[in-house]
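Peer 1: Quick one: structure below, then a few questions.
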Amino acid sequence: MDIPEEYSRKDLRVVRGLPVINAFADNWERVDQFQVYQDDLVIASYPKSGTELLSQIPSPRLLRTHLPITHLPKSFWENKCKIVYVARNAKDVAVSSYHYSLANILPPEPGTFAQYLEDFIAGNVSFGSWYEHVNGWWLKRNELRVLYLFYEDMKEDLQREIQKLLTFLEKDIDEEVLKKIVHHASFEVMKDNPMTNYKAAVIDLMDHTVSPFMRKGISGDWKNHFTVAQNERFDEDYAEKMEGSSLSFDMEA
């Protein structure tokens with residue numbers, strides 16, 4: 001994939017209040033006009049929230065989006081396809097997004113982790129505020145056909161969460177097939193799969209010697225990156241921004 005120099009490491013651009021990677025900002029009308037069909041399955045998430053684990057699920061058409069619910073094309077509301085939203089705790093998302101930004105040439109230079117963390121807290125990262133993203137989808141989940149899943153739950157018991165998904169999709173499969181799906185959807189297997197680890201598809205976008213697209217796939221890795229002061233700062237801001245929300249995340253797994 002040949003990426004024009006004009007898009008490499010450029011500042012984010014704001015489209016209708018949403019900061020996005022510069023290369024994604026052109027021709028945004030194509031996003032607005034995108035047609036989703038009622039039998040589509042859409043996997044939605046804030047970036048680096050672990051949706052790769054669901055890519056093995058069969059569907060008539062499988063789509064992915066990082067859009068906040070406020071920026072969905074109107075066809076989503078009109079046709080009401082089934083949507084699986086995957087949320088991951090904010091601290092691990094911040095760490096994973098930082099490493100991704102180090103290796104990918106499209107986002108702006110992330111600087112140090114301390115600098116990136118401040119941008120993350122302020123929502124000055126691609127696709128905006130994590131808080132607005134996860135809460136927006138949570139509050140509107142009953143207005144669309146949304147199954148809201150948590151990455152930490154998938155890491156705890158992938159088979160249980162895939163069974164939830166199959167029930168949501170109204171698919172009945174035998175236990176042996178389920179076990180095969182669970183095996184192929186595991187992080188360990190997908191990390192070595194060239195169809196999911198992006199080593200071949202985005203060779204010009206990602207420097208895997210800096211950080212692989214699929215890095216660790218664990219919960220709680222933030223503890224290896226946050227200083228005590230950063231954690232206290234993050235917790236204070238988190239409590240303020242999540243006040244009144246019924247969403248709860250396991251950050252200690």
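Naming scheme: A, B, ... for chains in displayed order of the structure tokens; residues 1 onward per chain; ligands 1 onward as shown.
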Any chance you could list, as a ChimeraX atom specification, the residues in segment 119-192 of chain A that come up helix (DSSP H, G or I) when DSSP is run on the backbone?
Peer 2: /A:119-122,130-139,151-156,158-168,175-184,187-191
Peer 1: So that each row is one residue of segment 69-101 of chain A with an atom at most 9 Å from segment 115-128 of chain A, can you give its shortest atom pair and the distance in Å to one decimal, using only C-alpha atoms, rows by chain and rising number, as a Markdown table?
Peer 2:
| residue | atom | partner | partner_atom | distance |
| --- | --- | --- | --- | --- |
| A:Ala94 | CA | A:Phe120 | CA | 6.6 |
| A:Val95 | CA | A:Leu117 | CA | 8.2 |
| A:Tyr98 | CA | A:Tyr116 | CA | 6.7 |
Peer 1: Quick one: residues within 7 Å of Trp130 of chain A, only C-alpha atoms counted, chain neighbours fewer than 4 positions away excluded, as a ChimeraX atom specification?
Peer 2: /A:46,90,123,134
Peer 1: Could you turn the residues from that selection into a file that holds all heavy atoms, as a PDB file, in the first residue's frame?
Peer 2:
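Output file part.pdb follows:
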ATOM      1  N   TYR A  46     -14.380   1.668  20.041  1.00  0.00           N
ATOM      2  CA  TYR A  46     -13.338   2.674  20.069  1.00  0.00           C
ATOM      3  C   TYR A  46     -12.063   1.956  19.613  1.00  0.00           C
ATOM      4  O   TYR A  46     -11.891   0.758  19.866  1.00  0.00           O
ATOM      5  CB  TYR A  46     -13.174   3.204  21.495  1.00  0.00           C
ATOM      6  CG  TYR A  46     -12.304   4.435  21.615  1.00  0.00           C
ATOM      7  CD1 TYR A  46     -12.813   5.695  21.310  1.00  0.00           C
ATOM      8  CD2 TYR A  46     -10.977   4.332  22.026  1.00  0.00           C
ATOM      9  CE1 TYR A  46     -12.018   6.829  21.427  1.00  0.00           C
ATOM     10  CE2 TYR A  46     -10.180   5.465  22.137  1.00  0.00           C
ATOM     11  CZ  TYR A  46     -10.706   6.711  21.838  1.00  0.00           C
ATOM     12  OH  TYR A  46      -9.911   7.825  21.945  1.00  0.00           O
ATOM     13  N   ALA A  90     -10.434   1.926  29.802  1.00  0.00           N
ATOM     14  CA  ALA A  90      -9.759   3.098  29.245  1.00  0.00           C
ATOM     15  C   ALA A  90      -8.243   3.046  29.392  1.00  0.00           C
ATOM     16  O   ALA A  90      -7.509   3.494  28.500  1.00  0.00           O
ATOM     17  CB  ALA A  90     -10.300   4.366  29.904  1.00  0.00           C
ATOM     18  N   GLY A 123      -9.129  13.726  24.929  1.00  0.00           N
ATOM     19  CA  GLY A 123      -9.871  13.341  23.731  1.00  0.00           C
ATOM     20  C   GLY A 123      -9.251  13.854  22.453  1.00  0.00           C
ATOM     21  O   GLY A 123      -9.896  13.835  21.397  1.00  0.00           O
ATOM     22  N   VAL A 134     -17.759   5.327  24.493  1.00  0.00           N
ATOM     23  CA  VAL A 134     -18.354   4.169  25.180  1.00  0.00           C
ATOM     24  C   VAL A 134     -19.700   4.515  25.796  1.00  0.00           C
ATOM     25  O   VAL A 134     -20.632   3.703  25.776  1.00  0.00           O
ATOM     26  CB  VAL A 134     -17.399   3.575  26.244  1.00  0.00           C
ATOM     27  CG1 VAL A 134     -16.128   3.055  25.605  1.00  0.00           C
ATOM     28  CG2 VAL A 134     -17.085   4.571  27.356  1.00  0.00           C
TER      29      VAL A 134
END
Peer 1: Could you work out how far atom CA of Asn231 of chain A lies from atom CA of Thr112 of chain A, giving the answer in Å with one decimal?
Peer 2: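 Interatomic distance here is 15.8 Å.
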Peer 1: So that I can see what lies close to Glu161 of chain A, please list as a VMD selection string the residues with an atom at most 12 Å from it, counting only C-alpha atoms and leaving out residues fewer than 4 positions away in the same chain.
Peer 2: chain A and resid 53 to 54 57 84 86 147 to 157 165 to 168 178 181 to 182 185
Peer 1: Okay, now the selection with N, CA and C atoms, as a PDB file, in the first residue's frame?
Peer 2:
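So the final result, stored in out26.pdb, reads:
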ATOM      1  N   LEU A  53     -11.088 -10.192  18.025  1.00  0.00           N
ATOM      2  CA  LEU A  53     -11.491 -11.484  18.582  1.00  0.00           C
ATOM      3  C   LEU A  53     -12.812 -11.975  18.012  1.00  0.00           C
ATOM      4  N   LEU A  54     -13.574 -11.106  17.349  1.00  0.00           N
ATOM      5  CA  LEU A  54     -14.882 -11.502  16.840  1.00  0.00           C
ATOM      6  C   LEU A  54     -14.892 -11.699  15.328  1.00  0.00           C
ATOM      7  N   ILE A  57     -16.618 -14.837  13.327  1.00  0.00           N
ATOM      8  CA  ILE A  57     -18.038 -15.164  13.365  1.00  0.00           C
ATOM      9  C   ILE A  57     -18.651 -15.030  11.977  1.00  0.00           C
ATOM     10  N   VAL A  84     -22.607  -5.247  17.122  1.00  0.00           N
ATOM     11  CA  VAL A  84     -21.909  -5.697  18.325  1.00  0.00           C
ATOM     12  C   VAL A  84     -20.912  -4.612  18.691  1.00  0.00           C
ATOM     13  N   VAL A  86     -17.960  -3.453  21.182  1.00  0.00           N
ATOM     14  CA  VAL A  86     -16.972  -3.993  22.125  1.00  0.00           C
ATOM     15  C   VAL A  86     -16.283  -2.837  22.841  1.00  0.00           C
ATOM     16  N   LEU A 147     -25.669  -5.360  20.734  1.00  0.00           N
ATOM     17  CA  LEU A 147     -25.172  -6.239  21.790  1.00  0.00           C
ATOM     18  C   LEU A 147     -23.885  -5.604  22.311  1.00  0.00           C
ATOM     19  N   TYR A 148     -23.882  -5.202  23.558  1.00  0.00           N
ATOM     20  CA  TYR A 148     -22.746  -4.488  24.145  1.00  0.00           C
ATOM     21  C   TYR A 148     -21.887  -5.490  24.914  1.00  0.00           C
ATOM     22  N   LEU A 149     -20.671  -5.713  24.439  1.00  0.00           N
ATOM     23  CA  LEU A 149     -19.756  -6.668  25.058  1.00  0.00           C
ATOM     24  C   LEU A 149     -18.531  -5.953  25.622  1.00  0.00           C
ATOM     25  N   PHE A 150     -17.852  -6.631  26.533  1.00  0.00           N
ATOM     26  CA  PHE A 150     -16.650  -6.080  27.149  1.00  0.00           C
ATOM     27  C   PHE A 150     -15.451  -6.984  26.859  1.00  0.00           C
ATOM     28  N   TYR A 151     -14.366  -6.361  26.448  1.00  0.00           N
ATOM     29  CA  TYR A 151     -13.142  -7.085  26.119  1.00  0.00           C
ATOM     30  C   TYR A 151     -12.687  -7.950  27.288  1.00  0.00           C
ATOM     31  N   GLU A 152     -12.769  -7.407  28.492  1.00  0.00           N
ATOM     32  CA  GLU A 152     -12.322  -8.141  29.681  1.00  0.00           C
ATOM     33  C   GLU A 152     -13.135  -9.412  29.889  1.00  0.00           C
ATOM     34  N   ASP A 153     -14.432  -9.347  29.561  1.00  0.00           N
ATOM     35  CA  ASP A 153     -15.269 -10.548  29.658  1.00  0.00           C
ATOM     36  C   ASP A 153     -14.851 -11.593  28.631  1.00  0.00           C
ATOM     37  N   MET A 154     -14.468 -11.138  27.436  1.00  0.00           N
ATOM     38  CA  MET A 154     -14.020 -12.084  26.404  1.00  0.00           C
ATOM     39  C   MET A 154     -12.712 -12.748  26.810  1.00  0.00           C
ATOM     40  N   LYS A 155     -11.833 -11.994  27.454  1.00  0.00           N
ATOM     41  CA  LYS A 155     -10.587 -12.587  27.925  1.00  0.00           C
ATOM     42  C   LYS A 155     -10.840 -13.577  29.056  1.00  0.00           C
ATOM     43  N   GLU A 156     -11.856 -13.319  29.862  1.00  0.00           N
ATOM     44  CA  GLU A 156     -12.173 -14.203  30.986  1.00  0.00           C
ATOM     45  C   GLU A 156     -12.803 -15.510  30.507  1.00  0.00           C
ATOM     46  N   ASP A 157     -13.737 -15.412  29.551  1.00  0.00           N
ATOM     47  CA  ASP A 157     -14.441 -16.611  29.073  1.00  0.00           C
ATOM     48  C   ASP A 157     -14.932 -16.351  27.652  1.00  0.00           C
ATOM     49  N   LEU A 165     -23.086 -13.906  21.606  1.00  0.00           N
ATOM     50  CA  LEU A 165     -23.147 -13.352  20.260  1.00  0.00           C
ATOM     51  C   LEU A 165     -23.980 -14.232  19.339  1.00  0.00           C
ATOM     52  N   LEU A 166     -23.786 -15.538  19.420  1.00  0.00           N
ATOM     53  CA  LEU A 166     -24.554 -16.449  18.572  1.00  0.00           C
ATOM     54  C   LEU A 166     -26.043 -16.384  18.891  1.00  0.00           C
ATOM     55  N   THR A 167     -26.377 -16.240  20.161  1.00  0.00           N
ATOM     56  CA  THR A 167     -27.780 -16.073  20.554  1.00  0.00           C
ATOM     57  C   THR A 167     -28.340 -14.779  19.969  1.00  0.00           C
ATOM     58  N   PHE A 168     -27.552 -13.719  20.046  1.00  0.00           N
ATOM     59  CA  PHE A 168     -27.937 -12.421  19.491  1.00  0.00           C
ATOM     60  C   PHE A 168     -28.172 -12.517  17.983  1.00  0.00           C
ATOM     61  N   LEU A 178     -18.571 -24.658  17.721  1.00  0.00           N
ATOM     62  CA  LEU A 178     -18.346 -23.576  18.681  1.00  0.00           C
ATOM     63  C   LEU A 178     -16.921 -23.615  19.214  1.00  0.00           C
ATOM     64  N   ILE A 181     -14.553 -22.275  16.638  1.00  0.00           N
ATOM     65  CA  ILE A 181     -14.623 -20.810  16.555  1.00  0.00           C
ATOM     66  C   ILE A 181     -13.854 -20.186  17.701  1.00  0.00           C
ATOM     67  N   VAL A 182     -14.050 -20.725  18.894  1.00  0.00           N
ATOM     68  CA  VAL A 182     -13.351 -20.210  20.067  1.00  0.00           C
ATOM     69  C   VAL A 182     -11.839 -20.332  19.891  1.00  0.00           C
ATOM     70  N   ALA A 185     -10.643 -17.838  17.281  1.00  0.00           N
ATOM     71  CA  ALA A 185     -10.840 -16.456  17.716  1.00  0.00           C
ATOM     72  C   ALA A 185      -9.966 -16.084  18.904  1.00  0.00           C
TER      73      ALA A 185
END
Peer 1: How far is it from atom CA of Met251 of chain A to atom CA of His183 of chain A, in Å with one decimal?
Peer 2: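 Spanning atom CA of Met251 of chain A to atom CA of His183 of chain A is a straight-line distance of 25.1 Å.
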Peer 1: So how far away is atom CA of Pro110 of chain A from atom CA of Glu188 of chain A, in Å?
Peer 2: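 Atom CA of Pro110 of chain A lies at a distance of 27.4 Å from atom CA of Glu188 of chain A.
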Peer 1: Counting only C-alpha atoms, what is within 9 Å of Arg61 of chain A, bar same-chain residues fewer than 5 positions away, as a CSV table (one decimal) with C-alpha atoms, in the first residue's frame?
Peer 2:
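Done, and the output landed in around.csv:
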chain,number,residue,atom,x,y,z
A,37,TYR,CA,-28.4,-3.5,5.2
A,39,ASP,CA,-28.9,-8.4,7.6
A,40,ASP,CA,-25.4,-6.9,8.0
A,41,LEU,CA,-23.5,-7.5,11.2
A,42,VAL,CA,-21.5,-4.5,12.3
Peer 1: Could you tell me which of A:Ala239, A:Leu72, A:Ala103, A:Leu205 comes closest to Arg30 of chain A if we count only C-alpha atoms?
Peer 2: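 Selected residue with least distance to Arg30 of chain A: A:Leu72.
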Peer 1: DSSP on the backbone: what in segment 76-183 of chain A comes out strand (DSSP E), as a list in words?
Peer 2: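 The residues of segment 76-183 of chain A classed as strand (DSSP E) are Lys82, Ile83, Val84, Tyr85, Val86, Ala87, Arg145, Val146, Leu147, Tyr148, Leu149 and Phe150 of chain A.
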Peer 1: Ranking A:Gln163, A:Gln35, A:Asn89, A:Gln230 by minimum distance to Ser248 of chain A and counting only C-alpha atoms, which one comes first?
Peer 2: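 So, comparing all the options, the nearest one is A:Asn89.
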Peer 1: Which of these residues is nearest to Gly244 of chain A, using only C-alpha atoms: A:Asn135, A:Ile105, A:Val20, A:Val31?
Peer 2: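 Of A:Asn135, A:Ile105, A:Val20, A:Val31, the one nearest Gly244 of chain A is A:Asn135, counting only C-alpha atoms.
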